[in-house]
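Reproduced below: data_7.txt, with compact mmCIF, C-alpha atoms.
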# COMPACT_ATOMS: atom_id res chain seq x y z
CA MET E 1416 103.33 93.70 93.57
CA ASP E 1417 102.13 93.56 89.96
CA THR E 1418 98.60 93.95 88.71
CA MET E 1419 97.81 90.25 88.31
CA SER E 1420 98.60 89.23 91.87
CA PHE E 1421 96.79 92.31 93.17
CA ILE E 1422 93.65 91.31 91.25
CA ALA E 1423 93.98 87.72 92.47
CA ILE E 1424 94.32 88.74 96.12
CA ALA E 1425 91.46 91.23 95.88
CA SER E 1426 89.07 88.77 94.19
CA ILE E 1427 89.80 85.85 96.52
CA ILE E 1428 89.42 87.95 99.68
CA THR E 1429 86.29 89.62 98.30
CA ALA E 1430 84.79 86.25 97.38
CA GLY E 1431 85.25 85.01 100.93
CA PHE E 1432 83.78 88.16 102.45
CA CYS E 1433 80.89 88.15 99.98
CA MET E 1434 79.90 84.60 100.92
CA GLY E 1435 80.51 85.04 104.63
CA ILE E 1436 78.64 88.29 105.14
CA GLY E 1437 75.99 87.43 102.60
CA ALA E 1438 75.09 84.20 104.38
CA ILE E 1439 74.27 85.91 107.69
CA GLY E 1440 71.04 87.61 106.69
CA PRO E 1441 69.43 84.73 104.76
CA SER E 1442 70.28 82.20 107.47
CA LEU E 1443 68.68 84.35 110.17
CA ALA E 1444 65.66 84.86 107.92
CA GLN E 1445 65.37 81.16 107.16
CA GLY E 1446 65.51 80.37 110.86
CA ARG E 1447 62.67 82.78 111.52
CA ALA E 1448 60.63 81.38 108.64
CA VAL E 1449 61.01 77.78 109.79
CA GLN E 1450 60.22 78.82 113.36
CA GLY E 1451 57.01 80.50 112.28
CA ALA E 1452 55.99 77.59 110.11
CA LEU E 1453 56.68 75.04 112.83
CA SER E 1454 54.64 76.90 115.43
CA SER E 1455 51.83 77.28 112.89
CA ILE E 1456 51.90 73.54 112.18
CA ALA E 1457 51.85 72.84 115.91
CA GLN E 1458 48.78 75.03 116.27
CA GLN E 1459 46.97 73.79 113.17
CA PRO E 1460 48.18 70.33 112.11
CA ASP E 1461 45.38 70.06 109.54
CA GLU E 1462 46.89 72.83 107.43
CA ARG E 1463 50.24 71.08 107.24
CA ASN E 1464 50.23 70.61 103.45
CA SER E 1465 49.59 74.20 102.45
CA LEU E 1466 51.92 75.46 105.19
CA THR E 1467 54.71 73.22 103.98
CA ARG E 1468 54.25 74.28 100.38
CA THR E 1469 54.28 77.96 101.27
CA LEU E 1470 57.27 77.38 103.52
CA PHE E 1471 59.26 75.78 100.71
CA VAL E 1472 58.46 78.54 98.25
CA GLY E 1473 59.34 81.17 100.86
CA LEU E 1474 62.57 79.41 101.77
CA ALA E 1475 63.54 79.33 98.11
CA MET E 1476 62.87 83.05 97.85
CA ILE E 1477 65.01 83.77 100.92
CA GLU E 1478 67.70 81.37 99.87
CA SER E 1479 68.06 83.05 96.50
CA ILE E 1480 69.76 86.02 98.21
CA ALA E 1481 72.46 83.73 99.54
CA ILE E 1482 72.66 82.09 96.13
CA TYR E 1483 73.31 85.48 94.52
CA CYS E 1484 76.25 85.99 96.88
CA PHE E 1485 77.50 82.51 96.08
CA VAL E 1486 77.26 83.06 92.33
CA ILE E 1487 79.11 86.36 92.61
CA SER E 1488 81.91 84.80 94.65
CA MET E 1489 82.09 81.91 92.14
CA ILE E 1490 82.34 84.41 89.28
CA LEU E 1491 85.11 86.22 91.14
CA ILE E 1492 87.07 82.99 91.52
CA PHE E 1493 86.33 81.06 88.31
CA ALA E 1494 85.33 83.63 85.71
CA ASN E 1495 86.77 86.92 86.87
CA PRO E 1496 86.12 89.55 84.16
CA PHE E 1497 89.11 91.64 85.25
CA TRP E 1498 91.63 88.97 84.34
CA GLY E 1499 91.08 89.72 80.65
CA VAL E 1500 91.72 93.43 81.14
CA ALA E 1501 94.89 92.81 83.14
CA ILE E 1502 96.23 90.24 80.66
CA ARG E 1503 95.57 92.58 77.73
CA LYS E 1504 97.32 95.43 79.55
CA ILE E 1505 100.35 93.31 80.29
CA GLY E 1506 100.45 91.69 76.85
CA GLY E 1507 100.41 94.95 74.94
CA MET U 292 85.47 60.31 85.81
CA GLU U 293 85.31 64.04 85.82
CA ILE U 294 83.96 65.89 82.81
CA VAL U 295 83.73 69.41 84.20
CA GLY U 296 87.09 70.23 85.76
CA MET U 297 87.65 72.01 89.05
CA ASP U 298 88.63 75.23 87.29
CA GLN U 299 85.55 75.35 85.07
CA ILE U 300 82.32 76.91 86.28
CA SER U 301 79.83 75.39 83.84
CA PRO U 302 79.59 72.53 81.32
CA ASP U 303 79.46 75.16 78.56
CA GLN U 304 83.24 75.21 78.65
CA VAL U 305 83.56 71.49 77.87
CA ILE U 306 83.50 71.32 74.08
CA PHE U 307 83.01 67.95 72.45
CA TRP U 308 82.90 68.85 68.78
CA THR U 309 83.19 72.01 66.73
CA TRP U 310 82.63 72.76 63.07
CA GLY U 311 82.69 76.36 61.88
CA PHE U 312 80.41 78.35 64.15
CA VAL U 313 78.58 75.21 65.29
CA THR U 314 79.85 74.15 68.69
CA ILE U 315 78.56 71.11 70.52
CA ASN U 316 79.31 71.46 74.23
CA ALA U 317 78.50 69.25 77.18
CA THR U 318 75.37 71.22 78.09
CA LEU U 319 73.81 70.57 74.70
CA VAL U 320 74.71 66.89 74.69
CA TYR U 321 73.27 66.23 78.13
CA THR U 322 70.17 68.30 77.39
CA TRP U 323 69.57 66.13 74.34
CA PHE U 324 70.17 63.07 76.50
CA VAL U 325 67.50 64.15 78.99
CA MET U 326 65.11 65.06 76.17
CA ALA U 327 65.67 61.68 74.53
CA ILE U 328 64.97 59.85 77.77
CA LEU U 329 61.77 61.83 78.36
CA VAL U 330 60.46 61.42 74.80
CA ALA U 331 61.43 57.79 74.36
CA GLY U 332 60.20 56.88 77.83
CA SER U 333 56.79 58.45 77.41
CA TRP U 334 56.45 56.99 73.90
CA TRP U 335 57.39 53.54 75.14
CA ILE U 336 55.06 53.67 78.15
CA THR U 337 52.03 55.13 76.39
CA ARG U 338 52.40 52.69 73.49
CA ARG U 339 50.38 50.06 75.33
CA ILE U 340 48.22 51.72 77.93
CA SER U 341 45.09 49.93 79.04
CA ARG U 342 41.87 50.86 80.82
CA ASP U 343 41.39 47.50 82.47
CA LEU U 344 41.47 46.87 86.16
CA THR U 345 45.09 45.74 85.95
CA ILE U 346 47.39 48.24 84.28
CA PRO U 347 51.07 47.94 83.38
CA ARG U 348 53.38 49.04 86.14
CA TRP U 349 55.00 51.83 84.14
CA GLN U 350 51.59 53.22 83.26
CA ASN U 351 50.85 53.21 86.97
CA PHE U 352 54.06 55.16 87.56
CA LEU U 353 53.19 57.78 84.95
CA GLU U 354 49.68 58.11 86.31
CA VAL U 355 51.06 58.77 89.79
CA VAL U 356 53.43 61.44 88.42
CA VAL U 357 50.87 63.20 86.25
CA SER U 358 48.11 63.15 88.85
CA GLY U 359 50.57 64.40 91.47
CA ILE U 360 51.54 67.36 89.29
CA ARG U 361 47.91 68.05 88.51
CA GLY U 362 47.03 67.96 92.20
CA GLU U 363 49.74 70.50 93.00
CA ILE U 364 48.53 72.79 90.21
CA ARG U 365 44.96 72.42 91.40
CA GLU U 366 46.00 73.71 94.83
CA ILE U 367 47.00 77.01 93.17
CA VAL U 368 44.50 77.25 90.31
CA PRO U 369 41.49 75.25 91.44
CA GLU U 370 39.40 75.54 88.30
CA ARG U 371 41.72 75.15 85.29
CA ALA U 372 44.43 72.69 86.30
CA ASP U 373 44.39 70.74 83.02
CA TYR U 374 44.87 73.94 81.02
CA TYR U 375 48.24 74.66 82.66
CA LEU U 376 49.30 71.04 83.10
CA PRO U 377 51.30 70.61 79.82
CA PHE U 378 53.56 73.63 80.34
CA ILE U 379 54.16 73.31 84.08
CA GLY U 380 54.45 69.53 83.90
CA THR U 381 57.04 69.76 81.12
CA LEU U 382 59.11 72.23 83.11
CA PHE U 383 58.95 70.08 86.22
CA LEU U 384 59.74 66.79 84.48
CA PHE U 385 62.68 68.21 82.54
CA ILE U 386 64.29 69.92 85.54
CA ALA U 387 63.60 67.02 87.89
CA LEU U 388 65.03 64.41 85.54
CA SER U 389 68.08 66.47 84.67
CA ASN U 390 68.78 67.02 88.39
CA LEU U 391 68.09 63.45 89.48
CA LEU U 392 70.36 61.90 86.85
CA ALA U 393 73.29 63.64 88.55
CA VAL U 394 73.93 60.45 90.55
CA VAL U 395 74.80 58.64 87.30
CA PRO U 396 78.60 58.65 86.84
CA GLY U 397 79.78 60.65 83.86
CA TYR U 398 76.65 62.75 83.74
CA VAL U 399 76.67 66.52 84.22
CA ALA U 400 73.34 68.18 84.96
CA PRO U 401 72.52 70.61 82.12
CA THR U 402 70.81 72.79 84.73
CA SER U 403 74.24 73.59 86.18
CA SER U 404 74.77 75.85 83.15
CA LEU U 405 73.40 79.36 83.18
CA MET U 406 72.31 78.98 79.54
CA THR U 407 69.87 76.13 80.25
CA THR U 408 68.28 77.80 83.25
CA GLY U 409 68.16 81.09 81.33
CA ALA U 410 66.27 79.39 78.51
CA LEU U 411 63.81 77.87 80.96
CA ALA U 412 63.31 81.20 82.74
CA ILE U 413 62.74 82.95 79.39
CA CYS U 414 60.05 80.34 78.62
CA VAL U 415 58.30 81.39 81.83
CA PHE U 416 58.91 85.10 81.08
CA ILE U 417 57.21 84.77 77.68
CA SER U 418 54.42 82.50 78.84
CA VAL U 419 53.27 84.86 81.61
CA PRO U 420 51.96 87.56 79.20
CA LEU U 421 50.82 84.88 76.74
CA PHE U 422 48.56 83.18 79.27
CA GLY U 423 47.38 86.58 80.51
CA ILE U 424 46.53 87.79 77.00
CA VAL U 425 44.88 84.53 75.95
CA GLY U 426 42.78 84.61 79.09
CA HIS U 427 41.65 88.24 79.09
CA GLY U 428 42.67 90.03 75.90
CA VAL U 429 45.47 92.45 75.11
CA LYS U 430 43.77 95.56 76.45
CA HIS U 431 43.03 94.14 79.89
CA TYR U 432 46.52 92.71 80.20
CA ILE U 433 48.29 95.96 79.31
CA LYS U 434 45.95 97.89 81.57
CA GLU U 435 47.21 95.81 84.47
CA TYR U 436 50.68 97.36 84.05
CA PHE U 437 49.28 100.83 84.73
CA GLN U 438 47.62 99.92 88.03
CA PRO U 439 47.06 101.82 90.27
CA THR U 440 48.52 104.77 88.32
CA PHE U 441 50.75 105.11 85.28
CA ILE U 442 53.77 105.88 87.51
CA PHE U 443 53.91 102.21 88.44
CA PHE U 444 54.58 101.02 84.87
CA PRO U 445 58.40 100.86 85.20
CA PHE U 446 58.12 99.07 88.53
CA HIS U 447 55.90 96.39 87.03
CA VAL U 448 58.33 95.88 84.15
CA MET U 449 61.31 95.77 86.52
CA GLY U 450 59.49 93.25 88.70
CA GLU U 451 58.90 90.95 85.73
CA ILE U 452 62.53 91.11 84.64
CA SER U 453 64.03 90.73 88.11
CA ARG U 454 61.90 87.73 89.00
CA THR U 455 62.93 86.06 85.74
CA LEU U 456 66.56 86.70 86.68
CA ALA U 457 65.91 85.32 90.16
CA LEU U 458 64.34 82.18 88.70
CA MET U 459 67.34 81.68 86.44
CA VAL U 460 70.07 82.31 89.01
CA ARG U 461 68.35 80.31 91.77
CA LEU U 462 68.24 77.05 89.83
CA PHE U 463 71.72 77.56 88.39
CA GLY U 464 73.24 78.49 91.74
CA ASN U 465 71.76 75.55 93.61
CA ILE U 466 72.75 72.88 91.11
CA MET U 467 76.15 74.39 90.28
CA SER U 468 77.04 74.87 93.95
CA HIS U 469 76.11 71.29 94.67
CA GLU U 470 78.33 69.98 91.88
CA LYS U 471 81.22 72.14 93.07
CA VAL U 472 80.76 70.96 96.67
CA ILE U 473 80.89 67.34 95.52
CA ALA U 474 84.01 68.00 93.43
CA ILE U 475 85.73 69.65 96.41
CA LEU U 476 84.68 66.84 98.77
CA LEU U 477 86.00 64.26 96.32
CA ALA U 478 89.36 65.98 96.53
CA VAL U 479 89.31 66.28 100.34
CA THR U 480 87.54 63.18 101.72
CA PRO U 481 87.06 60.77 98.82
CA LEU U 482 85.71 57.77 100.68
CA PHE U 483 82.33 58.33 102.28
CA PHE U 484 81.20 61.95 102.40
CA PRO U 485 80.57 62.47 98.66
CA VAL U 486 77.95 59.70 98.78
CA VAL U 487 76.07 61.48 101.57
CA MET U 488 76.24 64.73 99.64
CA GLN U 489 74.96 62.97 96.51
CA ALA U 490 71.96 61.75 98.50
CA LEU U 491 71.38 65.30 99.71
CA GLY U 492 71.73 66.43 96.10
CA LEU U 493 68.77 64.23 95.08
CA LEU U 494 66.64 66.08 97.64
CA ILE U 495 67.93 69.51 96.57
CA GLY U 496 67.39 68.74 92.88
CA LEU U 497 63.81 67.61 93.39
CA ILE U 498 62.99 70.57 95.66
CA GLN U 499 64.46 73.00 93.12
CA ALA U 500 62.43 71.45 90.29
CA TYR U 501 59.31 71.68 92.47
CA ILE U 502 60.05 75.31 93.37
CA PHE U 503 60.71 76.29 89.75
CA ALA U 504 57.41 74.76 88.62
CA ILE U 505 55.44 76.20 91.55
CA LEU U 506 56.89 79.69 91.05
CA ALA U 507 56.15 79.57 87.31
CA MET U 508 52.59 78.52 88.15
CA VAL U 509 52.23 81.32 90.71
CA TYR U 510 53.51 83.94 88.24
CA ILE U 511 51.24 82.73 85.43
CA SER U 512 48.19 82.47 87.65
CA SER U 513 48.82 85.91 89.14
CA ALA U 514 48.89 87.37 85.62
CA ALA U 515 45.76 85.47 84.63
CA GLN U 516 43.80 85.80 87.84
CA ALA U 517 44.27 89.41 88.90
CA HIS U 518 41.87 90.25 86.13
CA ASP U 519 39.39 87.66 87.29
CA GLU U 520 39.14 89.26 90.71
CA GLN U 521 38.80 92.70 89.18
CA LEU U 522 36.09 91.53 86.82
CA HIS U 523 34.26 89.86 89.68
CA ARG U 524 34.52 92.99 91.76
CA SER U 525 33.27 95.32 89.02
CA GLY U 526 30.56 92.78 88.12
CA GLY U 527 29.48 92.65 91.74
CA GLU U 528 29.32 96.44 91.97
CA LYS U 529 27.24 96.57 88.82
CA ALA U 530 24.90 93.96 90.25
CA HIS U 531 24.37 96.13 93.30
For this file, write the structure as structure tokens.
Amino acid sequence: MDTMSFIAIASIITAGFCMGIGAIGPSLAQGRAVQGALSSIAQQPDERNSLTRTLFVGLAMIESIAIYCFVISMILIFANPFWGVAIRKIGG
Amino acid sequence: MEIVGMDQISPDQVIFWTWGFVTINATLVYTWFVMAILVAGSWWITRRISRDLTIPRWQNFLEVVVSGIRGEIREIVPERADYYLPFIGTLFLFIALSNLLAVVPGYVAPTSSLMTTGALAICVFISVPLFGIVGHGVKHYIKEYFQPTFIFFPFHVMGEISRTLALMVRLFGNIMSHEKVIAILLAVTPLFFPVVMQALGLLIGLIQAYIFAILAMVYISSAAQAHDEQLHRSGGEKAH
């Protein structure tokens, strides 16, 4: 197996693992956040506006972790920096 | 019509025109398109505004938008909403329009490029100390970095940089992932599902614009208001 196919296999498998494992934590956290916000709204419906705003900002904060994983797996697939090294090594 | 191909990650790689070191790529073109719509639209609407009982419908629309943004800012900074309105409102309108136009065929959201979101995040990164310094002076602002002791200086700096990075990658990741999902769905189930995902994309785009503006406002107000509380506290102690 040459270097190129080894890099391709490693980056594709790593991209899948990165997204799959990286989505577990944020999804659990988002579930907890929505649960807390919903029970707070049920207790105090008057505060719905500020609760919703804080919930959205907090969800965006939590979601950004999953987005980092997604961006890294996208970089591994679309813009892998190791391709250039491998191509240069093969070319000369 | 597909402008950004499946194997390209951002519209930076679609080059329309090049001359020497000047390169016009799709991101630039669509950014100019959004800017032109915003400028021409606001010029055309505010050309004939009236203060009568009956106002033109587009003036009504702009009033709803501006007063909505101002109301949201007032929830965070109750006393000086109009002072922050131009900056935050510009950020929100630009991001929201560039995300919402994604339903137009042949359009690629400039926010799906890391360069655009990086520029927007750098605007926030620079404006945070600017608003802090304008509000309270250089000495007070720099002193805030050494609270509670001087050991915390690198952590404050790292916090500023990492939240700018988070702001940048969050917007880019959401919009880019949405465009990629639609491209993949178009290849897999071309008939009905992409339309549903486009409708979801309108919601995501608007929420991301809202979150970007709200987070920028929170960062700026935390830089400008931490001093206020401190001043109040020390003033109160002196009064005792």
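With only C-alpha atoms as the atoms that count, the residue of E:Ile1422, E:Asp1461, E:Asp1417, E:Ile1480 with the shortest distance to Asn1495 in chain E is E:Ile1422.
From CA of Ser404 in chain U back to CA of Val486 in chain U, the distance works out to 22.7 Å.
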With 12 Å as the cut-off and all atoms listed in the file counted, what is the closest atom pair between each nearby residue of chain E and chain U? Distances in Å to one decimal, ordered by chain and number, as a Markdown table.
| residue | atom | partner | partner_atom | distance |
| --- | --- | --- | --- | --- |
| E:Asn1464 | CA | U:Glu366 | CA | 10.1 |
| E:Ser1465 | CA | U:Glu366 | CA | 8.4 |
| E:Arg1468 | CA | U:Ile505 | CA | 9.1 |
| E:Thr1469 | CA | U:Ile505 | CA | 9.9 |
| E:Leu1470 | CA | U:Ile502 | CA | 10.7 |
| E:Phe1471 | CA | U:Ile502 | CA | 7.4 |
| E:Val1472 | CA | U:Ile502 | CA | 6.1 |
| E:Gly1473 | CA | U:Ile502 | CA | 9.5 |
| E:Leu1474 | CA | U:Ile502 | CA | 9.7 |
| E:Ala1475 | CA | U:Ile502 | CA | 7.1 |
| E:Met1476 | CA | U:Ala457 | CA | 8.6 |
| E:Ile1477 | CA | U:Arg461 | CA | 10.3 |
| E:Glu1478 | CA | U:Arg461 | CA | 8.2 |
| E:Ser1479 | CA | U:Arg461 | CA | 5.5 |
| E:Ile1480 | CA | U:Arg461 | CA | 8.7 |
| E:Ala1481 | CA | U:Gly464 | CA | 9.4 |
| E:Ile1482 | CA | U:Gly464 | CA | 5.7 |
| E:Tyr1483 | CA | U:Val460 | CA | 7.1 |
| E:Cys1484 | CA | U:Gly464 | CA | 9.6 |
| E:Phe1485 | CA | U:Gly464 | CA | 7.3 |
| E:Val1486 | CA | U:Gly464 | CA | 6.1 |
| E:Ile1487 | CA | U:Gly464 | CA | 9.9 |
| E:Ser1488 | CA | U:Ser468 | CA | 11.1 |
| E:Met1489 | CA | U:Ile300 | CA | 7.7 |
| E:Ile1490 | CA | U:Ile300 | CA | 8.1 |
| E:Leu1491 | CA | U:Ile300 | CA | 10.9 |
| E:Ile1492 | CA | U:Asp298 | CA | 9.0 |
| E:Phe1493 | CA | U:Ile300 | CA | 6.1 |
| E:Ala1494 | CA | U:Ile300 | CA | 7.4 |
| E:Asn1495 | CA | U:Ile300 | CA | 11.0 |
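Relative to CA of Val394 in chain U, CA of Thr322 in chain U is found at 15.8 Å.
Our summary of the geometry notes that CA of Pro485 in chain U is positioned 10.4 Å from CA of Glu470 in chain U.
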Q.
Give me the residues near Ala515 in chain U as a PyMOL selection string, where near means some atom within 9 Å (using only C-alpha atoms) and where sequence neighbours in that chain fewer than 2 positions away do not count.
A. chain U and resi 419-420+422-427+432+510-513+517-519
